[in-house]
file entry.pdb (PDB, C-alpha atoms and all ligand atoms)
ATOM      1  CA  MET J   1      17.401 -25.566 -12.858  1.00  0.00           C
ATOM      2  CA  PRO J   2      16.445 -23.558  -9.770  1.00  0.00           C
ATOM      3  CA  PRO J   3      12.885 -22.273  -9.572  1.00  0.00           C
ATOM      4  CA  ALA J   4      12.408 -18.759 -10.993  1.00  0.00           C
ATOM      5  CA  ASP J   5      10.328 -16.106  -9.335  1.00  0.00           C
ATOM      6  CA  THR J   6       7.725 -14.481 -11.590  1.00  0.00           C
ATOM      7  CA  GLY J   7       6.080 -11.803  -9.518  1.00  0.00           C
ATOM      8  CA  GLY J   8       5.250 -13.914  -6.506  1.00  0.00           C
ATOM      9  CA  THR J   9       4.660 -17.075  -8.523  1.00  0.00           C
ATOM     10  CA  THR J  10       7.337 -19.690  -8.484  1.00  0.00           C
ATOM     11  CA  VAL J  11       7.868 -21.514 -11.755  1.00  0.00           C
ATOM     12  CA  SER J  12      10.193 -24.414 -12.290  1.00  0.00           C
ATOM     13  CA  ALA J  13      11.254 -26.967 -14.881  1.00  0.00           C
ATOM     14  CA  THR J  14       7.806 -28.525 -14.480  1.00  0.00           C
ATOM     15  CA  SER J  15       5.608 -25.422 -14.497  1.00  0.00           C
ATOM     16  CA  SER J  16       5.202 -22.211 -16.446  1.00  0.00           C
ATOM     17  CA  VAL J  17       3.125 -19.081 -16.456  1.00  0.00           C
ATOM     18  CA  VAL J  18       0.831 -19.111 -19.495  1.00  0.00           C
ATOM     19  CA  THR J  19      -1.567 -16.621 -20.975  1.00  0.00           C
ATOM     20  CA  LEU J  20      -4.737 -18.161 -22.307  1.00  0.00           C
ATOM     21  CA  ASN J  21      -7.009 -16.124 -24.545  1.00  0.00           C
ATOM     22  CA  ILE J  22     -10.461 -17.464 -23.751  1.00  0.00           C
ATOM     23  CA  ASN J  23     -13.643 -15.999 -25.180  1.00  0.00           C
ATOM     24  CA  GLY J  24     -11.789 -12.784 -25.963  1.00  0.00           C
ATOM     25  CA  GLU J  25     -10.362 -12.409 -22.461  1.00  0.00           C
ATOM     26  CA  LYS J  26      -6.758 -13.019 -21.466  1.00  0.00           C
ATOM     27  CA  HIS J  27      -6.045 -15.122 -18.373  1.00  0.00           C
ATOM     28  CA  THR J  28      -2.493 -15.415 -17.054  1.00  0.00           C
ATOM     29  CA  LEU J  29      -1.853 -18.267 -14.668  1.00  0.00           C
ATOM     30  CA  PRO J  30       0.897 -20.631 -13.553  1.00  0.00           C
ATOM     31  CA  VAL J  31       0.307 -24.213 -14.650  1.00  0.00           C
ATOM     32  CA  ASP J  32       2.054 -27.497 -14.246  1.00  0.00           C
ATOM     33  CA  HIS J  33       3.209 -28.560 -17.713  1.00  0.00           C
ATOM     34  CA  ARG J  34       1.038 -31.673 -17.455  1.00  0.00           C
ATOM     35  CA  THR J  35      -2.176 -29.659 -16.932  1.00  0.00           C
ATOM     36  CA  THR J  36      -4.645 -30.176 -19.735  1.00  0.00           C
ATOM     37  CA  LEU J  37      -6.571 -27.303 -21.231  1.00  0.00           C
ATOM     38  CA  LEU J  38      -9.719 -28.970 -19.879  1.00  0.00           C
ATOM     39  CA  ASP J  39      -8.441 -28.956 -16.298  1.00  0.00           C
ATOM     40  CA  ALA J  40      -7.147 -25.398 -16.650  1.00  0.00           C
ATOM     41  CA  LEU J  41     -10.594 -24.269 -17.823  1.00  0.00           C
ATOM     42  CA  ARG J  42     -12.589 -26.147 -15.212  1.00  0.00           C
ATOM     43  CA  GLU J  43     -10.336 -26.290 -12.155  1.00  0.00           C
ATOM     44  CA  ARG J  44      -8.309 -23.112 -12.472  1.00  0.00           C
ATOM     45  CA  LEU J  45     -10.555 -20.649 -14.288  1.00  0.00           C
ATOM     46  CA  ASP J  46     -13.967 -21.832 -13.125  1.00  0.00           C
ATOM     47  CA  LEU J  47     -15.189 -22.208 -16.706  1.00  0.00           C
ATOM     48  CA  THR J  48     -17.141 -25.355 -15.924  1.00  0.00           C
ATOM     49  CA  GLY J  49     -19.361 -25.244 -19.011  1.00  0.00           C
ATOM     50  CA  THR J  50     -16.826 -27.465 -20.776  1.00  0.00           C
ATOM     51  CA  LYS J  51     -17.480 -30.968 -19.508  1.00  0.00           C
ATOM     52  CA  LYS J  52     -15.180 -33.860 -18.627  1.00  0.00           C
ATOM     53  CA  GLY J  53     -16.499 -37.200 -19.821  1.00  0.00           C
ATOM     54  CA  CYS J  54     -13.899 -39.843 -20.622  1.00  0.00           C
ATOM     55  CA  ASP J  55     -10.794 -37.643 -20.162  1.00  0.00           C
ATOM     56  CA  GLN J  56      -9.122 -39.579 -22.971  1.00  0.00           C
ATOM     57  CA  GLY J  57     -10.341 -38.107 -26.251  1.00  0.00           C
ATOM     58  CA  GLN J  58     -13.152 -40.558 -26.846  1.00  0.00           C
ATOM     59  CA  CYS J  59     -16.428 -38.793 -26.048  1.00  0.00           C
ATOM     60  CA  GLY J  60     -16.215 -35.199 -27.288  1.00  0.00           C
ATOM     61  CA  ALA J  61     -17.793 -33.776 -24.099  1.00  0.00           C
ATOM     62  CA  CYS J  62     -14.830 -31.421 -23.664  1.00  0.00           C
ATOM     63  CA  THR J  63     -14.897 -30.022 -27.235  1.00  0.00           C
ATOM     64  CA  VAL J  64     -13.914 -26.355 -27.496  1.00  0.00           C
ATOM     65  CA  LEU J  65     -12.814 -24.262 -30.440  1.00  0.00           C
ATOM     66  CA  VAL J  66      -9.118 -23.444 -30.761  1.00  0.00           C
ATOM     67  CA  ASP J  67      -8.471 -20.883 -33.475  1.00  0.00           C
ATOM     68  CA  GLY J  68     -11.952 -21.718 -34.775  1.00  0.00           C
ATOM     69  CA  ARG J  69     -11.305 -25.446 -35.097  1.00  0.00           C
ATOM     70  CA  ARG J  70     -12.645 -28.226 -32.934  1.00  0.00           C
ATOM     71  CA  ALA J  71     -10.344 -29.560 -30.246  1.00  0.00           C
ATOM     72  CA  VAL J  72     -10.883 -31.996 -27.407  1.00  0.00           C
ATOM     73  CA  ALA J  73      -9.591 -30.036 -24.441  1.00  0.00           C
ATOM     74  CA  CYS J  74      -8.695 -33.193 -22.485  1.00  0.00           C
ATOM     75  CA  LEU J  75      -5.980 -34.045 -25.027  1.00  0.00           C
ATOM     76  CA  GLN J  76      -4.479 -30.576 -25.285  1.00  0.00           C
ATOM     77  CA  LEU J  77      -1.987 -29.209 -22.809  1.00  0.00           C
ATOM     78  CA  ALA J  78      -2.724 -25.759 -21.443  1.00  0.00           C
ATOM     79  CA  VAL J  79       0.845 -24.649 -22.245  1.00  0.00           C
ATOM     80  CA  ALA J  80       0.274 -25.599 -25.906  1.00  0.00           C
ATOM     81  CA  ALA J  81      -2.818 -23.392 -26.022  1.00  0.00           C
ATOM     82  CA  GLU J  82      -0.922 -20.236 -25.132  1.00  0.00           C
ATOM     83  CA  ASP J  83      -1.823 -17.286 -27.379  1.00  0.00           C
ATOM     84  CA  ARG J  84      -4.361 -19.336 -29.356  1.00  0.00           C
ATOM     85  CA  GLU J  85      -7.954 -18.124 -29.547  1.00  0.00           C
ATOM     86  CA  ILE J  86     -10.022 -20.439 -27.398  1.00  0.00           C
ATOM     87  CA  THR J  87     -13.812 -20.402 -27.459  1.00  0.00           C
ATOM     88  CA  THR J  88     -15.764 -22.327 -24.860  1.00  0.00           C
ATOM     89  CA  ILE J  89     -19.509 -22.708 -24.486  1.00  0.00           C
ATOM     90  CA  GLU J  90     -19.479 -19.633 -22.208  1.00  0.00           C
ATOM     91  CA  GLY J  91     -18.362 -17.549 -25.204  1.00  0.00           C
ATOM     92  CA  ILE J  92     -20.979 -18.701 -27.710  1.00  0.00           C
ATOM     93  CA  ALA J  93     -23.958 -16.533 -26.728  1.00  0.00           C
ATOM     94  CA  GLY J  94     -24.064 -12.866 -27.692  1.00  0.00           C
ATOM     95  CA  PRO J  95     -22.851 -10.083 -25.372  1.00  0.00           C
ATOM     96  CA  ASP J  96     -26.372  -9.506 -24.023  1.00  0.00           C
ATOM     97  CA  GLY J  97     -26.868 -13.209 -23.420  1.00  0.00           C
ATOM     98  CA  GLU J  98     -28.950 -13.842 -26.537  1.00  0.00           C
ATOM     99  CA  LEU J  99     -28.509 -17.438 -27.599  1.00  0.00           C
ATOM    100  CA  HIS J 100     -26.569 -18.333 -30.719  1.00  0.00           C
ATOM    101  CA  PRO J 101     -28.821 -19.825 -33.452  1.00  0.00           C
ATOM    102  CA  VAL J 102     -27.254 -23.244 -32.835  1.00  0.00           C
ATOM    103  CA  GLN J 103     -28.132 -22.985 -29.139  1.00  0.00           C
ATOM    104  CA  GLU J 104     -31.658 -21.852 -30.013  1.00  0.00           C
ATOM    105  CA  ALA J 105     -32.069 -24.817 -32.339  1.00  0.00           C
ATOM    106  CA  PHE J 106     -30.988 -27.241 -29.595  1.00  0.00           C
ATOM    107  CA  VAL J 107     -33.588 -25.700 -27.248  1.00  0.00           C
ATOM    108  CA  GLU J 108     -36.385 -25.603 -29.832  1.00  0.00           C
ATOM    109  CA  LEU J 109     -35.816 -29.108 -31.128  1.00  0.00           C
ATOM    110  CA  ASP J 110     -35.007 -30.874 -27.837  1.00  0.00           C
ATOM    111  CA  GLY J 111     -31.385 -31.542 -28.725  1.00  0.00           C
ATOM    112  CA  TYR J 112     -30.547 -32.671 -25.210  1.00  0.00           C
ATOM    113  CA  GLN J 113     -31.845 -34.596 -22.240  1.00  0.00           C
ATOM    114  CA  CYS J 114     -29.440 -34.334 -19.286  1.00  0.00           C
ATOM    115  CA  GLY J 115     -27.433 -31.726 -21.185  1.00  0.00           C
ATOM    116  CA  TYR J 116     -24.028 -33.047 -20.148  1.00  0.00           C
ATOM    117  CA  CYS J 117     -22.789 -33.532 -23.694  1.00  0.00           C
ATOM    118  CA  THR J 118     -24.486 -30.378 -24.987  1.00  0.00           C
ATOM    119  CA  PRO J 119     -21.640 -27.833 -24.637  1.00  0.00           C
ATOM    120  CA  GLY J 120     -19.359 -30.101 -26.661  1.00  0.00           C
ATOM    121  CA  GLN J 121     -22.107 -30.851 -29.173  1.00  0.00           C
ATOM    122  CA  ILE J 122     -22.784 -27.147 -29.690  1.00  0.00           C
ATOM    123  CA  CYS J 123     -19.106 -26.191 -30.074  1.00  0.00           C
ATOM    124  CA  SER J 124     -18.714 -29.055 -32.518  1.00  0.00           C
ATOM    125  CA  ALA J 125     -21.871 -28.110 -34.441  1.00  0.00           C
ATOM    126  CA  LEU J 126     -20.642 -24.547 -34.896  1.00  0.00           C
ATOM    127  CA  ALA J 127     -17.417 -25.741 -36.478  1.00  0.00           C
ATOM    128  CA  VAL J 128     -19.207 -28.448 -38.497  1.00  0.00           C
ATOM    129  CA  ILE J 129     -21.444 -25.857 -40.126  1.00  0.00           C
ATOM    130  CA  GLU J 130     -18.434 -23.705 -40.999  1.00  0.00           C
ATOM    131  CA  GLU J 131     -16.361 -26.646 -42.242  1.00  0.00           C
ATOM    132  CA  HIS J 132     -19.156 -27.765 -44.541  1.00  0.00           C
ATOM    133  CA  ALA J 133     -19.830 -24.231 -45.796  1.00  0.00           C
ATOM    134  CA  ALA J 134     -16.111 -23.880 -46.573  1.00  0.00           C
ATOM    135  CA  GLY J 135     -16.264 -27.023 -48.741  1.00  0.00           C
ATOM    136  CA  TRP J 136     -14.327 -29.351 -46.449  1.00  0.00           C
ATOM    137  CA  PRO J 137     -15.387 -32.911 -47.281  1.00  0.00           C
ATOM    138  CA  SER J 138     -16.224 -35.559 -44.705  1.00  0.00           C
ATOM    139  CA  ALA J 139     -16.121 -39.345 -45.033  1.00  0.00           C
ATOM    140  CA  ALA J 140     -19.796 -39.153 -46.042  1.00  0.00           C
ATOM    141  CA  THR J 141     -19.282 -36.590 -48.804  1.00  0.00           C
ATOM    142  CA  GLY J 142     -20.165 -38.165 -52.129  1.00  0.00           C
ATOM    143  CA  ASP J 143     -19.136 -35.230 -54.298  1.00  0.00           C
ATOM    144  CA  VAL J 144     -16.085 -33.334 -53.062  1.00  0.00           C
ATOM    145  CA  ARG J 145     -16.397 -30.402 -55.431  1.00  0.00           C
ATOM    146  CA  PRO J 146     -16.797 -27.073 -53.584  1.00  0.00           C
ATOM    147  CA  GLU J 147     -20.398 -26.753 -54.732  1.00  0.00           C
ATOM    148  CA  ALA J 148     -21.276 -30.157 -53.244  1.00  0.00           C
ATOM    149  CA  GLY J 149     -24.761 -30.272 -51.735  1.00  0.00           C
ATOM    150  CA  PRO J 150     -26.404 -29.266 -48.470  1.00  0.00           C
ATOM    151  CA  LEU J 151     -25.511 -30.488 -45.014  1.00  0.00           C
ATOM    152  CA  THR J 152     -27.538 -33.699 -45.080  1.00  0.00           C
ATOM    153  CA  PRO J 153     -28.408 -35.792 -42.001  1.00  0.00           C
ATOM    154  CA  GLU J 154     -25.815 -38.321 -43.156  1.00  0.00           C
ATOM    155  CA  GLU J 155     -23.160 -35.579 -43.346  1.00  0.00           C
ATOM    156  CA  ILE J 156     -24.159 -34.282 -39.917  1.00  0.00           C
ATOM    157  CA  ARG J 157     -23.982 -37.751 -38.348  1.00  0.00           C
ATOM    158  CA  GLU J 158     -20.533 -38.342 -39.837  1.00  0.00           C
ATOM    159  CA  ARG J 159     -19.140 -34.922 -38.933  1.00  0.00           C
ATOM    160  CA  MET J 160     -20.564 -35.042 -35.389  1.00  0.00           C
ATOM    161  CA  SER J 161     -19.537 -38.647 -34.796  1.00  0.00           C
ATOM    162  CA  GLY J 162     -16.807 -37.647 -32.330  1.00  0.00           C
ATOM    163  CA  ASN J 163     -19.452 -36.331 -29.933  1.00  0.00           C
ATOM    164  CA  LEU J 164     -21.185 -39.039 -27.955  1.00  0.00           C
ATOM    165  CA  CYS J 165     -24.451 -38.580 -26.073  1.00  0.00           C
ATOM    166  CA  ARG J 166     -25.161 -41.039 -23.306  1.00  0.00           C
ATOM    167  CA  CYS J 167     -28.836 -40.029 -23.291  1.00  0.00           C
ATOM    168  CA  GLY J 168     -29.130 -40.897 -26.968  1.00  0.00           C
ATOM    169  CA  ALA J 169     -30.549 -37.540 -28.068  1.00  0.00           C
ATOM    170  CA  TYR J 170     -29.018 -38.043 -31.493  1.00  0.00           C
ATOM    171  CA  VAL J 171     -32.184 -37.726 -33.573  1.00  0.00           C
ATOM    172  CA  SER J 172     -32.923 -34.257 -32.169  1.00  0.00           C
ATOM    173  CA  ILE J 173     -29.266 -33.222 -32.309  1.00  0.00           C
ATOM    174  CA  VAL J 174     -29.155 -33.971 -36.041  1.00  0.00           C
ATOM    175  CA  GLN J 175     -32.373 -32.011 -36.533  1.00  0.00           C
ATOM    176  CA  ALA J 176     -31.037 -29.061 -34.525  1.00  0.00           C
ATOM    177  CA  VAL J 177     -27.766 -28.918 -36.467  1.00  0.00           C
ATOM    178  CA  ALA J 178     -29.624 -29.181 -39.785  1.00  0.00           C
ATOM    179  CA  HIS J 179     -31.996 -26.404 -38.728  1.00  0.00           C
ATOM    180  CA  ALA J 180     -29.167 -24.087 -37.636  1.00  0.00           C
ATOM    181  CA  ALA J 181     -27.169 -24.857 -40.796  1.00  0.00           C
ATOM    182  CA  ALA J 182     -30.154 -24.037 -43.005  1.00  0.00           C
ATOM    183  CA  HIS J 183     -30.607 -20.742 -41.193  1.00  0.00           C
ATOM    184  CA  SER J 184     -26.974 -19.772 -41.488  1.00  0.00           C
ATOM    185  CA  ALA J 185     -27.101 -20.601 -45.225  1.00  0.00           C
ATOM    186  CA  ASP J 186     -30.159 -18.324 -45.558  1.00  0.00           C
ATOM    187  CA  ASP J 187     -28.343 -15.561 -43.670  1.00  0.00           C
ATOM    188  CA  ALA J 188     -25.332 -15.934 -45.983  1.00  0.00           C
ATOM    189  CA  LYS J 189     -27.607 -15.613 -49.034  1.00  0.00           C
ATOM    190  CA  GLU J 190     -29.219 -12.467 -47.597  1.00  0.00           C
ATOM    191  CA  THR J 191     -25.783 -10.961 -46.959  1.00  0.00           C
ATOM    192  CA  VAL J 192     -24.760 -11.601 -50.568  1.00  0.00           C
ATOM    193  CA  ALA J 193     -28.089 -10.365 -52.033  1.00  0.00           C
TER     194      ALA J 193
HETATM  195  S1  LIG T   1     -13.521 -35.720 -21.952  1.00  0.00           S
HETATM  196 FE1  LIG T   1     -12.382 -35.137 -23.676  1.00  0.00          FE
HETATM  197  S2  LIG T   1     -13.041 -36.441 -25.236  1.00  0.00           S
HETATM  198 FE2  LIG T   1     -14.044 -37.197 -23.482  1.00  0.00          FE
HETATM  199  S1  LIG T   2     -28.049 -35.092 -23.362  1.00  0.00           S
HETATM  200 FE1  LIG T   2     -27.340 -36.398 -21.779  1.00  0.00          FE
HETATM  201  S2  LIG T   2     -25.420 -37.051 -22.489  1.00  0.00           S
HETATM  202 FE2  LIG T   2     -26.261 -36.013 -24.170  1.00  0.00          FE
END

call {"tool": "encode", "arguments": {"input": "entry.pdb", "output": "structure tokens"}}
result
Amino acid sequence: MPPADTGGTTVSATSSVVTLNINGEKHTLPVDHRTTLLDALRERLDLTGTKKGCDQGQCGACTVLVDGRRAVACLQLAVAAEDREITTIEGIAGPDGELHPVQEAFVELDGYQCGYCTPGQICSALAVIEEHAAGWPSAATGDVRPEAGPLTPEEIRERMSGNLCRCGAYVSIVQAVAHAAAHSADDAKETVA
């Protein structure tokens, strides 16, 4: 098939123009079909907060949220992310730059050392807290009824097990996630009250 012209950008059988909705902003760009979401974010859109570790789905450093669910951006093609809602670490803080409670907890409780894994850990933690609150069981869940207990350290370790930290900051990461989860549970109670 001959290349098509799309407003000055040539696309072919191996490339397409995609629109990625990232942190509430639309970005339209031509990409080779083999481009991963991770490379599109980092190399094409300068969103370098999302980190590349293993580049093969093993370390969780590249975790972002796609339609609110955790995804390793190194295993997702940019073309497959078209029109999905993508949230990266750059989109977690509030509009005035105030840190999200999960970010605050990581700072307060020393949830990082070099910080390389931290963006992925924080994106993952956000979804973990929501998954647990919604009653989704993990492999560590003893009682799978919706009213099953709090987010215990064991639950946190299991649910965050896809995110590796080469510095070994795990103890503080578990504390930070537990702290943020407890706060969001308190906020939910206040909203209901
Ligand atoms: S860089 Fe994606 S999982 Fe390691
Ligand atoms: S803080 Fe260094 S890799 Fe996790």

call {"tool": "resolve_selection", "arguments": {"input": "entry.pdb", "expression": "the PyMOL selection byres (((not hetatm)) within 9 of (chain T and resi 1))", "output": "list in words"}}
result
Leu38, Thr50, Lys51, Lys52, Gly53, Cys54, Asp55, Gln56, Gly57, Gln58, Cys59, Gly60, Ala61, Cys62, Thr63, Ala71, Val72, Ala73, Cys74, Leu75, Gly162, Asn163 and Leu164 of chain J

call {"tool": "closest_residue", "arguments": {"input": "entry.pdb", "among": "J:Asp32, J:His132, J:Gln121, J:Pro153", "to": "ligand LIG 2 (chain T)", "atoms": "all atoms listed in the file"}}
result
J:Gln121

call {"tool": "closest_residue", "arguments": {"input": "entry.pdb", "among": "J:Val66, J:Leu99, J:Ile122, J:Val79", "to": "ligand LIG 2 (chain T)", "atoms": "only C-alpha atoms and all ligand atoms"}}
result
J:Ile122

call {"tool": "residues_near_ligand", "arguments": {"input": "entry.pdb", "ligand": "ligand LIG 2 (chain T)", "cutoff": "8 Å", "atoms": "all atoms listed in the file", "output": "list in words"}}
result
Gly111, Tyr112, Gln113, Cys114, Gly115, Tyr116, Cys117, Thr118, Leu164, Cys165, Arg166, Cys167, Gly168 and Ala169 of chain J

call {"tool": "resolve_selection", "arguments": {"input": "entry.pdb", "expression": "the PyMOL selection byres (((chain J and resi 106) around 12) and not hetatm)", "output": "number ranges by chain"}}
result
J: 99-105, 107-113, 115, 117-119, 121-123, 125-126, 169-180

call {"tool": "closest_residue", "arguments": {"input": "entry.pdb", "among": "J:Asp96, J:Glu90, J:Glu82, J:Glu25", "to": "Thr48 (chain J)", "atoms": "all atoms listed in the file"}}
result
J:Glu90

call {"tool": "closest_residue", "arguments": {"input": "entry.pdb", "among": "J:Ile129, J:Ala134, J:Met160, J:Leu37", "to": "Thr87 (chain J)", "atoms": "only C-alpha atoms"}}
result
J:Leu37

call {"tool": "atom_distance", "arguments": {"input": "entry.pdb", "atom1": "CA of Asn23 (chain J)", "atom2": "CA of Leu151 (chain J)"}}
result
27.3 Å

call {"tool": "closest_residue", "arguments": {"input": "entry.pdb", "among": "J:Pro95, J:Arg159, J:Val31, J:Arg44", "to": "Thr141 (chain J)", "atoms": "all atoms listed in the file"}}
result
J:Arg159

call {"tool": "closest_residue", "arguments": {"input": "entry.pdb", "among": "J:Thr36, J:Ser161, J:Ser138, J:Thr152", "to": "Gly120 (chain J)", "atoms": "all atoms listed in the file"}}
result
J:Ser161

call {"tool": "resolve_selection", "arguments": {"input": "entry.pdb", "expression": "the PyMOL selection byres (((chain J and resi 24) around 10) and not hetatm)", "output": "compact mmCIF listing (two decimals) with C-alpha atoms, keeping the file's coordinate frame"}}
result
# COMPACT_ATOMS: atom_id res chain seq x y z
CA LEU J 20 -4.74 -18.16 -22.31
CA ASN J 21 -7.01 -16.12 -24.54
CA ILE J 22 -10.46 -17.46 -23.75
CA ASN J 23 -13.64 -16.00 -25.18
CA GLU J 25 -10.36 -12.41 -22.46
CA LYS J 26 -6.76 -13.02 -21.47
CA HIS J 27 -6.04 -15.12 -18.37
CA GLU J 85 -7.95 -18.12 -29.55
CA ILE J 86 -10.02 -20.44 -27.40
CA THR J 87 -13.81 -20.40 -27.46
CA GLY J 91 -18.36 -17.55 -25.20

call {"tool": "decode", "arguments": {"input": "entry.pdb", "residues": "region 83-91 of chain J", "atoms": "all heavy atoms", "output": "PDB file, in the first residue's frame"}}
result
ATOM      1  N   ASP J  83      -7.141   6.642  22.411  1.00  0.00           N
ATOM      2  CA  ASP J  83      -8.443   6.984  22.998  1.00  0.00           C
ATOM      3  C   ASP J  83      -8.681   6.383  24.390  1.00  0.00           C
ATOM      4  O   ASP J  83      -9.781   6.477  24.907  1.00  0.00           O
ATOM      5  CB  ASP J  83      -9.597   6.602  22.064  1.00  0.00           C
ATOM      6  CG  ASP J  83      -9.570   7.431  20.789  1.00  0.00           C
ATOM      7  OD1 ASP J  83      -9.088   8.578  20.866  1.00  0.00           O
ATOM      8  OD2 ASP J  83     -10.000   6.930  19.739  1.00  0.00           O
ATOM      9  N   ARG J  84      -7.691   5.753  24.988  1.00  0.00           N
ATOM     10  CA  ARG J  84      -7.820   5.309  26.368  1.00  0.00           C
ATOM     11  C   ARG J  84      -7.368   6.471  27.256  1.00  0.00           C
ATOM     12  O   ARG J  84      -6.613   7.340  26.819  1.00  0.00           O
ATOM     13  CB  ARG J  84      -6.916   4.085  26.639  1.00  0.00           C
ATOM     14  CG  ARG J  84      -6.949   3.018  25.559  1.00  0.00           C
ATOM     15  CD  ARG J  84      -8.098   2.066  25.662  1.00  0.00           C
ATOM     16  NE  ARG J  84      -8.105   1.299  26.887  1.00  0.00           N
ATOM     17  CZ  ARG J  84      -7.474   0.140  27.047  1.00  0.00           C
ATOM     18  NH1 ARG J  84      -6.756  -0.366  26.061  1.00  0.00           N
ATOM     19  NH2 ARG J  84      -7.554  -0.519  28.182  1.00  0.00           N
ATOM     20  N   GLU J  85      -7.789   6.424  28.515  1.00  0.00           N
ATOM     21  CA  GLU J  85      -7.342   7.484  29.443  1.00  0.00           C
ATOM     22  C   GLU J  85      -6.076   7.027  30.139  1.00  0.00           C
ATOM     23  O   GLU J  85      -6.113   6.099  30.941  1.00  0.00           O
ATOM     24  CB  GLU J  85      -8.411   7.744  30.486  1.00  0.00           C
ATOM     25  CG  GLU J  85      -9.249   8.942  30.133  1.00  0.00           C
ATOM     26  CD  GLU J  85     -10.209   9.311  31.234  1.00  0.00           C
ATOM     27  OE1 GLU J  85      -9.793   9.401  32.398  1.00  0.00           O
ATOM     28  OE2 GLU J  85     -11.385   9.485  30.888  1.00  0.00           O
ATOM     29  N   ILE J  86      -4.987   7.705  29.827  1.00  0.00           N
ATOM     30  CA  ILE J  86      -3.690   7.296  30.379  1.00  0.00           C
ATOM     31  C   ILE J  86      -3.282   8.296  31.468  1.00  0.00           C
ATOM     32  O   ILE J  86      -3.350   9.508  31.258  1.00  0.00           O
ATOM     33  CB  ILE J  86      -2.633   7.274  29.258  1.00  0.00           C
ATOM     34  CG1 ILE J  86      -3.043   6.272  28.173  1.00  0.00           C
ATOM     35  CG2 ILE J  86      -1.254   6.944  29.804  1.00  0.00           C
ATOM     36  CD1 ILE J  86      -2.434   6.544  26.825  1.00  0.00           C
ATOM     37  N   THR J  87      -2.888   7.764  32.610  1.00  0.00           N
ATOM     38  CA  THR J  87      -2.379   8.639  33.672  1.00  0.00           C
ATOM     39  C   THR J  87      -0.958   8.227  33.978  1.00  0.00           C
ATOM     40  O   THR J  87      -0.681   7.054  34.253  1.00  0.00           O
ATOM     41  CB  THR J  87      -3.233   8.514  34.949  1.00  0.00           C
ATOM     42  OG1 THR J  87      -4.597   8.774  34.620  1.00  0.00           O
ATOM     43  CG2 THR J  87      -2.780   9.503  36.011  1.00  0.00           C
ATOM     44  N   THR J  88      -0.059   9.193  33.899  1.00  0.00           N
ATOM     45  CA  THR J  88       1.344   8.934  34.247  1.00  0.00           C
ATOM     46  C   THR J  88       1.646   9.669  35.552  1.00  0.00           C
ATOM     47  O   THR J  88       0.811  10.431  36.059  1.00  0.00           O
ATOM     48  CB  THR J  88       2.292   9.463  33.149  1.00  0.00           C
ATOM     49  OG1 THR J  88       2.231  10.891  33.150  1.00  0.00           O
ATOM     50  CG2 THR J  88       1.910   8.927  31.778  1.00  0.00           C
ATOM     51  N   ILE J  89       2.831   9.474  36.059  1.00  0.00           N
ATOM     52  CA  ILE J  89       3.197  10.116  37.325  1.00  0.00           C
ATOM     53  C   ILE J  89       3.064  11.646  37.227  1.00  0.00           C
ATOM     54  O   ILE J  89       2.750  12.312  38.221  1.00  0.00           O
ATOM     55  CB  ILE J  89       4.633   9.704  37.763  1.00  0.00           C
ATOM     56  CG1 ILE J  89       4.916  10.117  39.206  1.00  0.00           C
ATOM     57  CG2 ILE J  89       5.691  10.244  36.809  1.00  0.00           C
ATOM     58  CD1 ILE J  89       4.126   9.407  40.248  1.00  0.00           C
ATOM     59  N   GLU J  90       3.239  12.191  36.028  1.00  0.00           N
ATOM     60  CA  GLU J  90       3.127  13.654  35.869  1.00  0.00           C
ATOM     61  C   GLU J  90       1.696  14.129  36.110  1.00  0.00           C
ATOM     62  O   GLU J  90       1.467  15.323  36.342  1.00  0.00           O
ATOM     63  CB  GLU J  90       3.562  14.078  34.458  1.00  0.00           C
ATOM     64  CG  GLU J  90       5.064  13.985  34.195  1.00  0.00           C
ATOM     65  CD  GLU J  90       5.489  12.624  33.632  1.00  0.00           C
ATOM     66  OE1 GLU J  90       4.660  11.680  33.623  1.00  0.00           O
ATOM     67  OE2 GLU J  90       6.665  12.519  33.210  1.00  0.00           O
ATOM     68  N   GLY J  91       0.728  13.196  36.046  1.00  0.00           N
ATOM     69  CA  GLY J  91      -0.676  13.605  36.196  1.00  0.00           C
ATOM     70  C   GLY J  91      -1.250  13.289  37.566  1.00  0.00           C
ATOM     71  O   GLY J  91      -2.461  13.418  37.766  1.00  0.00           O
TER      72      GLY J  91
END
